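The file target.csv contains CSV, C-alpha atoms:
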```
chain,number,residue,atom,x,y,z
A,1,MET,CA,-8.7,-5.0,21.2
A,2,VAL,CA,-10.2,-1.5,21.3
A,3,ILE,CA,-8.7,1.7,22.6
A,4,LEU,CA,-11.0,4.8,22.6
A,5,GLY,CA,-13.2,3.2,20.0
A,6,VAL,CA,-10.5,2.1,17.6
A,7,GLY,CA,-9.6,-1.6,17.3
A,8,LEU,CA,-5.9,-2.5,17.4
A,9,SER,CA,-4.4,-5.7,16.2
A,10,ALA,CA,-1.0,-7.2,15.3
A,11,VAL,CA,-0.1,-8.2,11.7
A,12,PRO,CA,0.9,-11.8,11.2
A,13,GLN,CA,4.6,-12.4,10.2
A,14,GLU,CA,5.3,-8.6,10.5
A,15,PRO,CA,6.0,-7.8,14.1
A,16,GLU,CA,6.9,-4.1,13.4
A,17,SER,CA,3.4,-3.4,12.1
A,18,TYR,CA,-0.2,-3.2,13.4
A,19,VAL,CA,-3.6,-2.5,12.2
A,20,ALA,CA,-6.0,0.2,13.5
A,21,CYS,CA,-9.6,-0.5,12.6
A,22,TYR,CA,-12.1,2.4,12.3
A,23,TYR,CA,-15.9,1.8,12.1
A,24,PRO,CA,-17.8,4.4,10.0
A,25,PRO,CA,-21.3,4.9,11.4
A,26,VAL,CA,-24.1,3.4,9.3
A,27,SER,CA,-27.7,4.4,9.8
A,28,GLY,CA,-30.8,3.5,7.9
A,29,GLY,CA,-29.4,0.2,6.6
A,30,ARG,CA,-26.2,-0.4,4.7
A,31,ARG,CA,-25.1,2.7,2.9
A,32,ARG,CA,-21.7,3.8,1.7
A,33,ARG,CA,-19.6,6.3,3.6
A,34,GLN,CA,-16.8,8.3,2.0
A,35,ALA,CA,-13.6,9.0,3.8
A,36,VAL,CA,-10.3,10.5,2.7
A,37,ILE,CA,-7.9,7.7,3.6
A,38,GLY,CA,-4.5,8.2,2.1
A,39,ASN,CA,-2.3,11.2,1.4
A,40,GLU,CA,-4.6,12.1,-1.5
A,41,ALA,CA,-8.2,13.2,-2.0
A,42,VAL,CA,-9.5,10.0,-3.5
A,43,THR,CA,-12.6,8.9,-1.7
A,44,PHE,CA,-13.2,5.4,-0.5
A,45,GLY,CA,-16.6,4.0,0.5
A,46,VAL,CA,-17.0,1.4,3.2
A,47,THR,CA,-19.9,0.0,5.0
A,48,GLY,CA,-17.9,-2.1,7.5
A,49,ALA,CA,-14.4,-1.6,9.0
A,50,LEU,CA,-11.7,0.7,7.6
A,51,ALA,CA,-8.4,-0.9,8.6
A,52,ILE,CA,-5.3,1.3,8.5
A,53,LYS,CA,-2.0,-0.6,8.6
A,54,LYS,CA,0.7,1.3,10.4
A,55,THR,CA,4.3,0.7,11.2
A,56,CYS,CA,6.1,1.2,14.5
A,57,PRO,CA,9.3,3.3,14.5
A,58,PHE,CA,12.4,1.4,13.5
A,59,GLY,CA,13.7,-0.7,16.3
A,60,ALA,CA,10.2,-1.2,17.8
A,61,PHE,CA,7.7,-4.0,17.5
A,62,TRP,CA,4.0,-4.0,18.2
A,63,ASN,CA,3.2,-5.3,21.7
A,64,GLN,CA,-0.4,-6.6,21.6
A,65,ALA,CA,-0.6,-7.0,25.4
A,66,ALA,CA,0.4,-3.3,26.0
A,67,ARG,CA,-1.4,-2.1,22.8
A,68,SER,CA,1.6,0.0,21.9
A,69,CYS,CA,5.0,-0.1,20.2
A,70,ALA,CA,7.8,-1.2,22.4
A,71,PRO,CA,11.6,-1.7,21.8
A,72,ALA,CA,12.3,-5.0,20.0
A,73,GLY,CA,13.6,-7.5,22.5
A,74,SER,CA,11.8,-5.9,25.4
A,75,PHE,CA,9.2,-8.6,25.5
A,76,THR,CA,8.9,-12.3,24.7
A,77,ALA,CA,9.9,-13.3,21.1
A,78,SER,CA,6.8,-13.7,19.0
A,79,ARG,CA,6.0,-16.5,16.7
A,80,ASP,CA,5.1,-13.8,14.2
A,81,ASP,CA,8.7,-12.8,14.0
A,82,PRO,CA,10.1,-14.1,10.7
A,83,CYS,CA,13.4,-14.8,12.5
A,84,TYR,CA,11.5,-17.2,14.8
A,85,SER,CA,9.6,-19.0,12.1
A,86,ASP,CA,12.4,-19.3,9.6
A,87,ARG,CA,15.6,-20.8,11.1
A,88,SER,CA,17.5,-20.2,7.8
A,89,LEU,CA,16.9,-16.5,7.8
A,90,GLY,CA,20.1,-14.5,8.6
A,91,SER,CA,18.7,-11.0,8.3
A,92,ARG,CA,15.8,-9.1,6.8
A,93,PRO,CA,15.1,-5.5,5.7
A,94,ALA,CA,13.3,-2.9,8.0
A,95,ILE,CA,10.1,-1.2,6.9
A,96,ASN,CA,10.4,2.5,6.1
A,97,ASN,CA,14.0,2.8,7.0
A,98,CYS,CA,16.6,2.5,4.3
A,99,ARG,CA,19.6,2.1,6.7
A,100,GLY,CA,17.9,-0.2,9.1
A,101,TYR,CA,17.6,-4.0,9.0
A,102,TYR,CA,17.1,-6.9,11.4
A,103,ALA,CA,19.7,-9.5,12.1
A,104,CYS,CA,18.4,-12.9,13.3
A,105,VAL,CA,19.9,-13.7,16.7
A,106,ASN,CA,18.7,-16.6,18.7
A,107,ARG,CA,15.6,-16.7,16.5
A,108,GLN,CA,14.8,-13.1,17.3
A,109,SER,CA,14.9,-10.0,15.1
A,110,VAL,CA,17.6,-7.6,16.4
A,111,PRO,CA,17.7,-4.0,14.9
A,112,VAL,CA,20.9,-3.0,13.2
A,113,CYS,CA,21.9,0.1,11.2
A,114,CYS,CA,24.0,0.5,8.1
A,115,PRO,CA,26.5,3.4,8.3
A,116,PHE,CA,25.2,6.8,7.2
A,117,GLY,CA,25.0,7.1,3.5
A,118,GLN,CA,24.5,3.4,3.0
A,119,THR,CA,21.4,1.3,2.5
A,120,TYR,CA,20.6,-2.3,3.4
A,121,THR,CA,20.2,-4.8,0.5
A,122,ARG,CA,20.2,-8.6,0.4
A,123,PHE,CA,23.9,-8.3,-0.4
A,124,GLY,CA,24.6,-6.2,2.7
A,125,CYS,CA,25.1,-2.5,3.2
A,126,ILE,CA,26.0,-0.6,0.0
A,127,ALA,CA,26.6,3.1,-0.7
A,128,CYS,CA,23.5,5.1,-1.4
A,129,GLU,CA,23.7,9.0,-1.4
A,130,GLY,CA,19.9,9.3,-1.0
A,131,CYS,CA,19.7,7.1,2.2
A,132,SER,CA,19.8,9.4,5.2
A,133,ASP,CA,17.1,7.9,7.5
A,134,PRO,CA,17.8,8.4,11.2
A,135,CYS,CA,19.0,5.1,12.7
A,136,THR,CA,20.4,4.2,16.1
A,137,SER,CA,22.8,1.4,16.7
A,138,THR,CA,22.1,-1.2,19.4
A,139,THR,CA,23.8,-3.0,22.2
A,140,ILE,CA,23.1,-6.7,22.4
A,141,THR,CA,23.1,-8.7,25.6
A,142,ALA,CA,24.4,-12.3,25.9
A,143,SER,CA,20.8,-13.5,25.6
A,144,GLY,CA,20.3,-11.7,22.3
A,145,LEU,CA,18.1,-8.9,23.7
A,146,VAL,CA,18.5,-5.3,23.0
A,147,SER,CA,19.7,-3.4,26.1
A,148,SER,CA,20.1,0.1,24.6
A,149,MET,CA,17.9,1.2,21.7
A,150,THR,CA,16.5,4.7,21.4
A,151,VAL,CA,12.9,4.3,20.1
A,152,SER,CA,10.5,7.1,19.6
A,153,ALA,CA,7.0,6.9,20.9
A,154,GLY,CA,4.4,4.8,18.9
A,155,ASP,CA,2.1,6.6,16.5
A,156,GLN,CA,-1.2,5.5,17.9
A,157,CYS,CA,-3.8,7.8,16.6
A,158,TYR,CA,-6.3,9.4,19.0
A,159,ARG,CA,-8.2,11.2,16.3
A,160,GLN,CA,-11.1,9.9,14.3
A,161,PRO,CA,-12.6,11.1,11.0
A,162,GLN,CA,-15.7,13.3,10.9
A,163,TRP,CA,-17.1,10.9,8.4
A,164,ASP,CA,-19.3,13.4,6.6
A,165,ASP,CA,-16.8,16.2,6.5
A,166,PRO,CA,-13.2,15.5,5.4
A,167,ARG,CA,-12.1,19.0,6.6
A,168,SER,CA,-12.8,18.1,10.3
A,169,TYR,CA,-11.9,15.4,12.7
A,170,VAL,CA,-12.8,14.2,16.2
A,171,VAL,CA,-10.3,14.2,19.0
A,172,VAL,CA,-10.8,11.3,21.4
A,173,ARG,CA,-9.6,12.0,25.0
A,174,ALA,CA,-9.7,10.0,28.1
A,175,GLY,CA,-13.1,9.4,29.6
A,176,PRO,CA,-13.7,9.1,26.7
A,177,THR,CA,-14.8,12.5,25.5
A,178,TYR,CA,-15.1,13.5,21.9
A,179,VAL,CA,-14.3,17.0,20.6
A,180,THR,CA,-14.8,18.0,17.0
A,181,GLU,CA,-12.0,20.2,15.5
A,182,SER,CA,-11.5,21.7,12.1
A,183,CYS,CA,-8.4,21.6,9.9
A,184,PRO,CA,-6.8,24.9,8.9
A,185,GLU,CA,-8.3,26.5,5.7
A,186,GLY,CA,-7.3,24.6,2.6
A,187,GLN,CA,-6.4,21.4,4.5
A,188,TYR,CA,-8.2,18.1,5.1
A,189,PHE,CA,-7.9,15.3,7.7
A,190,ASN,CA,-5.6,12.5,6.6
A,191,LEU,CA,-6.7,9.3,8.4
A,192,ALA,CA,-3.6,7.4,7.3
A,193,GLY,CA,-1.3,10.2,8.6
A,194,CYS,CA,-3.6,11.1,11.6
A,195,GLY,CA,-3.3,14.8,10.9
A,196,CYS,CA,-4.3,17.7,8.7
A,197,GLN,CA,-2.6,18.1,5.3
A,198,VAL,CA,-2.9,20.5,2.4
A,199,ALA,CA,-5.8,19.5,0.3
A,200,PRO,CA,-4.6,18.2,-3.1
A,201,TRP,CA,-7.9,18.7,-5.0
A,202,ARG,CA,-8.0,21.2,-7.7
A,203,ASN,CA,-9.4,24.7,-7.7
A,204,VAL,CA,-12.6,25.3,-9.7
A,205,SER,CA,-10.5,27.1,-12.4
A,206,GLU,CA,-8.3,24.1,-12.9
A,207,ALA,CA,-8.9,21.3,-15.4
A,208,ALA,CA,-10.8,18.3,-14.0
A,209,CYS,CA,-8.9,15.1,-13.5
A,210,THR,CA,-9.8,12.5,-16.0
A,211,ALA,CA,-8.5,9.0,-16.6
A,212,ASP,CA,-6.0,8.4,-19.4
A,213,ILE,CA,-7.2,4.8,-19.7
A,214,VAL,CA,-10.6,3.3,-18.7
A,215,ALA,CA,-11.6,-0.3,-19.4
A,216,ALA,CA,-14.9,-1.0,-17.6
A,217,THR,CA,-15.0,-4.2,-19.6
A,218,PHE,CA,-12.8,-5.7,-22.3
A,219,PHE,CA,-15.4,-6.0,-25.0
A,220,ASN,CA,-14.2,-2.8,-26.4
A,221,LEU,CA,-10.5,-2.3,-25.7
A,222,PRO,CA,-9.3,1.3,-25.1
A,223,ARG,CA,-6.3,2.4,-27.1
A,224,GLY,CA,-3.1,1.3,-25.5
A,225,VAL,CA,-4.6,-1.8,-24.0
A,226,THR,CA,-4.1,-5.3,-25.5
A,227,LEU,CA,-4.9,-8.8,-24.4
A,228,ASN,CA,-2.6,-11.7,-25.4
A,229,PRO,CA,-4.2,-14.8,-27.0
A,230,ASN,CA,-4.2,-16.7,-23.7
A,231,VAL,CA,-6.8,-14.3,-22.2
A,232,GLN,CA,-10.4,-15.2,-22.6
A,233,LEU,CA,-13.5,-13.0,-21.9
A,234,SER,CA,-16.4,-13.9,-19.7
A,235,GLN,CA,-20.0,-13.2,-20.7
A,236,PHE,CA,-19.7,-9.9,-18.9
A,237,GLY,CA,-16.5,-8.8,-20.6
A,238,GLU,CA,-14.2,-9.6,-17.7
A,239,ALA,CA,-10.7,-10.8,-18.6
A,240,MET,CA,-10.1,-14.4,-17.5
A,241,LEU,CA,-6.5,-15.1,-16.8
A,242,THR,CA,-5.2,-18.7,-16.4
A,243,GLY,CA,-1.7,-18.0,-15.1
A,244,GLN,CA,-0.2,-19.5,-18.2
A,245,ASN,CA,1.4,-16.5,-19.8
A,246,SER,CA,-1.9,-14.7,-20.0
A,247,LYS,CA,-1.7,-11.0,-19.5
A,248,ILE,CA,-3.3,-7.6,-20.1
A,249,SER,CA,-0.7,-5.1,-21.5
A,250,ILE,CA,-0.9,-1.3,-21.1
A,251,ASN,CA,1.4,0.6,-23.4
A,252,VAL,CA,1.8,4.1,-22.3
A,253,ASP,CA,4.0,5.0,-25.2
A,254,ASP,CA,1.4,4.1,-27.7
A,255,ASP,CA,1.3,6.9,-30.3
A,256,THR,CA,-2.4,6.1,-31.0
A,257,LEU,CA,-3.3,7.4,-27.5
A,258,THR,CA,-4.8,10.6,-28.9
A,259,GLY,CA,-8.3,11.7,-29.6
A,260,SER,CA,-11.4,12.9,-27.9
A,261,GLY,CA,-11.3,12.3,-24.1
A,262,VAL,CA,-7.9,10.5,-24.3
A,263,LYS,CA,-4.7,12.2,-23.3
A,264,SER,CA,-1.6,11.5,-25.2
A,265,PHE,CA,1.1,9.7,-23.2
A,266,ASP,CA,3.6,11.7,-25.2
A,267,ARG,CA,3.0,14.1,-22.3
A,268,TYR,CA,3.8,11.5,-19.7
A,269,ASP,CA,5.2,13.2,-16.6
A,270,ALA,CA,7.9,11.0,-15.0
A,271,ASP,CA,7.6,13.2,-11.9
A,272,GLY,CA,3.9,13.4,-11.8
A,273,THR,CA,1.1,11.5,-9.9
A,274,VAL,CA,0.1,8.0,-11.0
A,275,VAL,CA,-3.2,6.3,-9.9
A,276,ILE,CA,-3.9,2.7,-10.9
A,277,GLN,CA,-7.1,1.0,-10.1
A,278,PHE,CA,-8.7,-2.4,-11.0
A,279,ARG,CA,-10.9,-5.1,-9.7
A,280,TYR,CA,-9.8,-8.7,-9.3
A,281,ARG,CA,-11.4,-12.0,-8.3
A,282,GLU,CA,-9.6,-15.4,-7.9
A,283,LEU,CA,-10.8,-18.5,-9.7
A,284,SER,CA,-10.0,-20.5,-6.7
A,285,GLU,CA,-8.2,-20.1,-3.3
A,286,ILE,CA,-4.6,-19.0,-3.9
A,287,THR,CA,-2.0,-21.5,-2.7
A,288,TYR,CA,1.1,-19.6,-4.0
A,289,ARG,CA,2.1,-16.1,-4.7
A,290,GLN,CA,0.8,-14.7,-8.0
A,291,SER,CA,1.5,-11.5,-10.0
A,292,LEU,CA,-1.3,-9.0,-10.2
A,293,LEU,CA,0.6,-6.1,-11.8
A,294,SER,CA,4.2,-5.5,-13.0
A,295,THR,CA,6.4,-3.6,-15.3
A,296,PRO,CA,7.8,-5.6,-18.3
A,297,VAL,CA,11.1,-7.4,-17.9
A,298,GLY,CA,14.1,-5.3,-18.7
A,299,CYS,CA,12.6,-1.9,-17.8
A,300,ASP,CA,15.5,0.5,-17.1
A,301,GLU,CA,13.1,3.3,-16.0
A,302,GLY,CA,12.1,1.7,-12.7
A,303,ASN,CA,10.3,-1.4,-11.7
A,304,LEU,CA,7.0,-2.2,-10.0
A,305,LEU,CA,5.6,-5.6,-8.9
A,306,VAL,CA,2.2,-6.2,-7.2
A,307,THR,CA,1.6,-9.8,-6.0
A,308,VAL,CA,-1.1,-11.6,-4.1
A,309,ASP,CA,-1.2,-14.8,-2.0
A,310,ARG,CA,-3.8,-16.3,0.3
A,311,GLU,CA,-2.9,-13.9,3.2
A,312,ASP,CA,-1.8,-10.5,1.7
A,313,VAL,CA,-1.1,-8.2,-1.3
A,314,THR,CA,2.4,-6.9,-1.6
A,315,VAL,CA,3.7,-3.9,-3.7
A,316,GLU,CA,7.5,-3.7,-4.4
A,317,VAL,CA,8.7,-0.6,-6.2
A,318,GLU,CA,12.2,0.4,-7.2
A,319,ASN,CA,13.0,3.8,-5.8
A,320,ALA,CA,15.1,6.6,-7.3
A,321,ALA,CA,18.1,5.5,-5.3
A,322,GLY,CA,18.1,2.1,-6.8
A,323,GLY,CA,16.8,0.3,-3.7
A,324,TRP,CA,13.3,-1.2,-3.2
A,325,ASP,CA,10.4,0.0,-1.1
A,326,ARG,CA,7.5,-2.3,-0.1
A,327,LEU,CA,3.9,-2.0,0.9
A,328,LYS,CA,2.0,-5.0,2.3
A,329,LEU,CA,-1.6,-5.4,3.2
A,330,PRO,CA,-3.4,-8.3,4.8
A,331,THR,CA,-6.5,-9.6,3.0
A,332,ALA,CA,-8.1,-11.4,6.0
A,333,GLY,CA,-11.9,-11.5,5.7
A,334,PHE,CA,-11.8,-11.2,1.9
A,335,LYS,CA,-13.2,-14.3,0.1
A,336,PRO,CA,-11.7,-15.7,-3.2
A,337,ASN,CA,-15.0,-15.6,-5.0
A,338,GLU,CA,-15.7,-11.9,-4.1
A,339,TRP,CA,-14.5,-8.9,-6.2
A,340,LYS,CA,-11.8,-6.8,-4.6
A,341,THR,CA,-10.9,-3.3,-5.8
A,342,LEU,CA,-7.2,-2.5,-5.6
A,343,ARG,CA,-6.0,1.1,-5.8
A,344,LEU,CA,-2.4,2.3,-6.0
A,345,VAL,CA,-1.7,6.0,-5.6
A,346,ASP,CA,1.8,7.3,-6.2
A,347,ASN,CA,2.3,11.0,-5.8
A,348,ARG,CA,6.2,10.6,-6.1
A,349,ASP,CA,6.6,11.4,-2.4
A,350,VAL,CA,4.2,8.9,-0.8
A,351,MET,CA,2.7,5.7,-2.2
A,352,THR,CA,-0.7,4.5,-0.9
A,353,LEU,CA,-2.1,1.0,-1.3
A,354,SER,CA,-5.8,0.2,-0.6
A,355,ILE,CA,-8.0,-2.8,-1.1
A,356,THR,CA,-11.7,-3.2,-0.5
A,357,ASP,CA,-14.4,-5.8,-1.0
A,358,GLY,CA,-17.1,-3.1,-1.0
A,359,SER,CA,-17.7,-3.5,2.7
A,360,ASP,CA,-14.4,-3.6,4.5
A,361,ALA,CA,-11.2,-1.9,3.4
A,362,TYR,CA,-7.4,-2.1,4.2
A,363,VAL,CA,-5.1,0.9,3.7
A,364,THR,CA,-1.3,1.4,4.0
A,365,ARG,CA,1.2,3.9,2.7
A,366,THR,CA,5.0,4.5,2.7
A,367,ALA,CA,7.3,7.3,1.8
A,368,THR,CA,9.0,6.6,-1.5
A,369,SER,CA,10.6,8.3,-4.4
A,370,ALA,CA,9.7,5.8,-7.1
A,371,GLY,CA,11.4,5.6,-10.5
A,372,PRO,CA,9.3,6.4,-13.7
A,373,TYR,CA,8.1,2.8,-14.0
A,374,LEU,CA,5.0,3.8,-16.0
A,375,LYS,CA,7.1,4.7,-19.0
A,376,CYS,CA,7.8,1.0,-19.6
A,377,GLY,CA,4.1,0.2,-19.6
A,378,LEU,CA,2.3,-2.3,-17.3
A,379,ASP,CA,1.3,-6.0,-17.4
A,380,LEU,CA,-1.8,-7.1,-15.5
A,381,GLY,CA,-1.7,-10.7,-14.3
A,382,TYR,CA,1.8,-11.5,-15.5
A,383,ASN,CA,5.4,-11.3,-14.5
A,384,ALA,CA,8.3,-13.2,-16.0
A,385,TYR,CA,9.7,-14.3,-12.6
A,386,THR,CA,6.5,-14.8,-10.7
A,387,LYS,CA,3.5,-17.2,-11.2
A,388,GLY,CA,0.8,-15.6,-13.2
A,389,PHE,CA,-2.6,-14.6,-11.8
A,390,LYS,CA,-5.5,-17.1,-12.1
A,391,GLY,CA,-8.7,-15.1,-11.9
A,392,LEU,CA,-10.8,-12.3,-13.4
A,393,ILE,CA,-9.8,-8.7,-13.9
A,394,ASP,CA,-12.0,-5.8,-15.0
A,395,GLN,CA,-12.7,-2.0,-14.4
A,396,VAL,CA,-9.2,-0.9,-15.1
A,397,SER,CA,-8.4,2.8,-14.7
A,398,LEU,CA,-5.2,4.7,-15.0
A,399,TYR,CA,-4.7,8.4,-14.1
A,400,GLN,CA,-1.9,10.9,-14.2
A,401,CYS,CA,-3.6,13.1,-11.7
A,402,ILE,CA,-5.6,12.8,-8.4
A,403,PRO,CA,-9.3,12.0,-9.1
A,404,THR,CA,-11.8,13.0,-6.5
A,405,ASN,CA,-14.7,10.8,-7.7
A,406,VAL,CA,-13.3,7.3,-8.0
A,407,ALA,CA,-15.8,4.9,-6.5
A,408,ALA,CA,-14.3,2.1,-4.4
```
Entire entry expressed as structure tokens:
Amino acid sequence: MVILGVGLSAVPQEPESYVACYYPPVSGGRRRRQAVIGNEAVTFGVTGALAIKKTCPFGAFWNQAARSCAPAGSFTASRDDPCYSDRSLGSRPAINNCRGYYACVNRQSVPVCCPFGQTYTRFGCIACEGCSDPCTSTTITASGLVSSMTVSAGDQCYRQPQWDDPRSYVVVRAGPTYVTESCPEGQYFNLAGCGCQVAPWRNVSEAACTADIVAATFFNLPRGVTLNPNVQLSQFGEAMLTGQNSKISINVDDDTLTGSGVKSFDRYDADGTVVIQFRYRELSEITYRQSLLSTPVGCDEGNLLVTVDREDVTVEVENAAGGWDRLKLPTAGFKPNEWKTLRLVDNRDVMTLSITDGSDAYVTRTATSAGPYLKCGLDLGYNAYTKGFKGLIDQVSLYQCIPTNVAA
């Protein structure tokens, strides 16, 4: 489904979301194109499609027939609605709205709001001083449809990147006609946000952003990184995890993290930026959810969990208010035996998740105020309450700044 050169598609089992696909031009054969994709200046090369996952305003679902967001209940219930497919489900959280949630009525998701100053949890609405998202109550008809729900317009983007210039963009108008415009001085075009934002890259006089930890392979472990005895190495130095308590641990409080080219994590900034990147490849097709990345059990500084199954990758992060924010990306088109690069960028206001197989890429982001989970360290491929990852991991990088030269 294409509107003004951009493909639009629903997201399975997530009716409030949709994917907008952009197609960077390729000339002279397959070559990488760079594009600023998130709320940061990290570049991302693709030769195929760049899929940006977006969310309709709370109370609205994606209507594939109309190619736009429409009030929930204003069109036929979809089999992609979790309330339709799971008869035991009583309610579920909304995306990007701490007060909002969906009650399951007649196998259909009905938007409902917690009172101001409260947030939705699996235990119901609880007090939360930091939860002040706008949320409009609904009126339900006898058939379970929403008869009065104020929903803002959808956020379909009618701007496209100027692929060779991140400070410009192309406005697509009816016809269609294409007009190139420039962002204000010091700003760049943010594809995920569909607008210009202040450029976060550093001035020439500022120190360059370098990684705190880099493990291209695991033949020579960087300081702060350990492999438990259940991890084996491939002939290329890739970590082979079997899912049986095998893990790669990153200890950011390691006092040995000093020396040439390595910053001490004694200077860890709980309010600063975090960028985590690594490659992974499954040993076989995934049939159940597995942990790719998590904070150790018992962390009282904040929690992070990244999981993967056969259909998607999900990030769950504990926010500063004590609730949980979630990012979820489909992995359709990615093959188990191919390497995928996962990148998580957390600038303490917005978290961006991106995955690429080197050709196509998926991107999503959400507003969040995450707790300082990095202080507890990280475990790759392991979580005490989730099945471990069965596959290969390599090329691990961790930054406490925004790099501008990370290759996807």
Nearest-residue call for A:Glu311, choices A:Val11, A:Cys401, A:Val172, A:Cys194, using only C-alpha atoms =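 Answer, going by the shortest atom-to-atom distance: A:Val11.
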query = What does the distance between atom CA of A:Ala370 and atom CA of A:Lys328 come to in Å, to one decimal place?
reply =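 Spanning atom CA of A:Ala370 to atom CA of A:Lys328 is a straight-line distance of 16.3 Å.
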ask   = Which is closest to A:Val170 among A:Ser397, A:Asn228, A:Ser182, A:Ser68, if we use all atoms listed in the file?
value =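 Of A:Ser397, A:Asn228, A:Ser182, A:Ser68, the one nearest A:Val170 is A:Ser182, counting all atoms listed in the file.
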task = Write out as a ChimeraX atom specification which residues come within 8 Å of stretch 85-97 of chain A when counting all atoms listed in the file, dropping same-chain ones fewer than 2 positions away.
result = /A:16,55,58,79-83,99-104,107,109,120-122,133-135,325-326,366-367
task = Go through A:Ala384, A:Val231, A:Ile213, A:Ala65 one by one, measure the shortest atom-to-atom distance of each to A:Lys247 using only C-alpha atoms, and give the residue with the smallest value.
result = A:Val231
Protein and nucleic acid residues near (4.3, -4.0, -16.4) (cut-off 9 Å, all atoms listed in the file) as a ChimeraX atom specification = /A:249-251,293-297,299,303-305,373-374,376-380,382-383
For the selection you just gave me, I'd like the residues written to a file as a CSV table (one decimal), in the coordinates of the input, keeping C-alpha atoms.
```
chain,number,residue,atom,x,y,z
A,249,SER,CA,-0.7,-5.1,-21.5
A,250,ILE,CA,-0.9,-1.3,-21.1
A,251,ASN,CA,1.4,0.6,-23.4
A,293,LEU,CA,0.6,-6.1,-11.8
A,294,SER,CA,4.2,-5.5,-13.0
A,295,THR,CA,6.4,-3.6,-15.3
A,296,PRO,CA,7.8,-5.6,-18.3
A,297,VAL,CA,11.1,-7.4,-17.9
A,299,CYS,CA,12.6,-1.9,-17.8
A,303,ASN,CA,10.3,-1.4,-11.7
A,304,LEU,CA,7.0,-2.2,-10.0
A,305,LEU,CA,5.6,-5.6,-8.9
A,373,TYR,CA,8.1,2.8,-14.0
A,374,LEU,CA,5.0,3.8,-16.0
A,376,CYS,CA,7.8,1.0,-19.6
A,377,GLY,CA,4.1,0.2,-19.6
A,378,LEU,CA,2.3,-2.3,-17.3
A,379,ASP,CA,1.3,-6.0,-17.4
A,380,LEU,CA,-1.8,-7.1,-15.5
A,382,TYR,CA,1.8,-11.5,-15.5
A,383,ASN,CA,5.4,-11.3,-14.5
```
ask   = In Å to one decimal, how far is atom CA of A:Thr352 from atom CA of A:Val171?
value = 24.1 Å
ask   = Of the candidates A:Val252, A:Tyr169, A:Ala320, A:Lys390, which shows the shortest atom-to-atom distance to A:Val225, using only C-alpha atoms?
value =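 The shortest atom-to-atom distance to A:Val225 comes from A:Val252.
Closest approach to A:Glu14 from the set A:Leu327, A:Val275, A:Leu344, A:Val105 is made by A:Leu327, with distances taken over all atoms listed in the file.
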Per residue of stretch 243-361 of chain A within 12 Å of stretch 190-193 of chain A, which atom pair is closest and at what distance in Å (one decimal), using all atoms listed in the file, listed by chain and increasing number, as CSV?
```
residue,atom,partner,partner_atom,distance
A:Val350,CA,A:Gly193,CA,11.0
A:Met351,CA,A:Ala192,CA,11.5
A:Thr352,CA,A:Ala192,CA,9.2
A:Leu353,CA,A:Ala192,CA,10.8
A:Ser354,CA,A:Ala192,CA,10.9
```
note = The distance between atom CA of A:Gly48 and atom CA of A:Gly186 is 29.1 Å
Residues within 7 Å of stretch 17-20 of chain A, all atoms listed in the file, excluding chain neighbours under 4 positions, as an MDAnalysis selection string = chainID A and resid 6:11 51:56 61:62
key: A:Leu227 environment, 12 Å, all atoms listed in the file, sequence neighbours closer than 2 positions dropped, as a ChimeraX atom specification   = /A:215,218-225,229-233,238-241,245-251,379-382,393
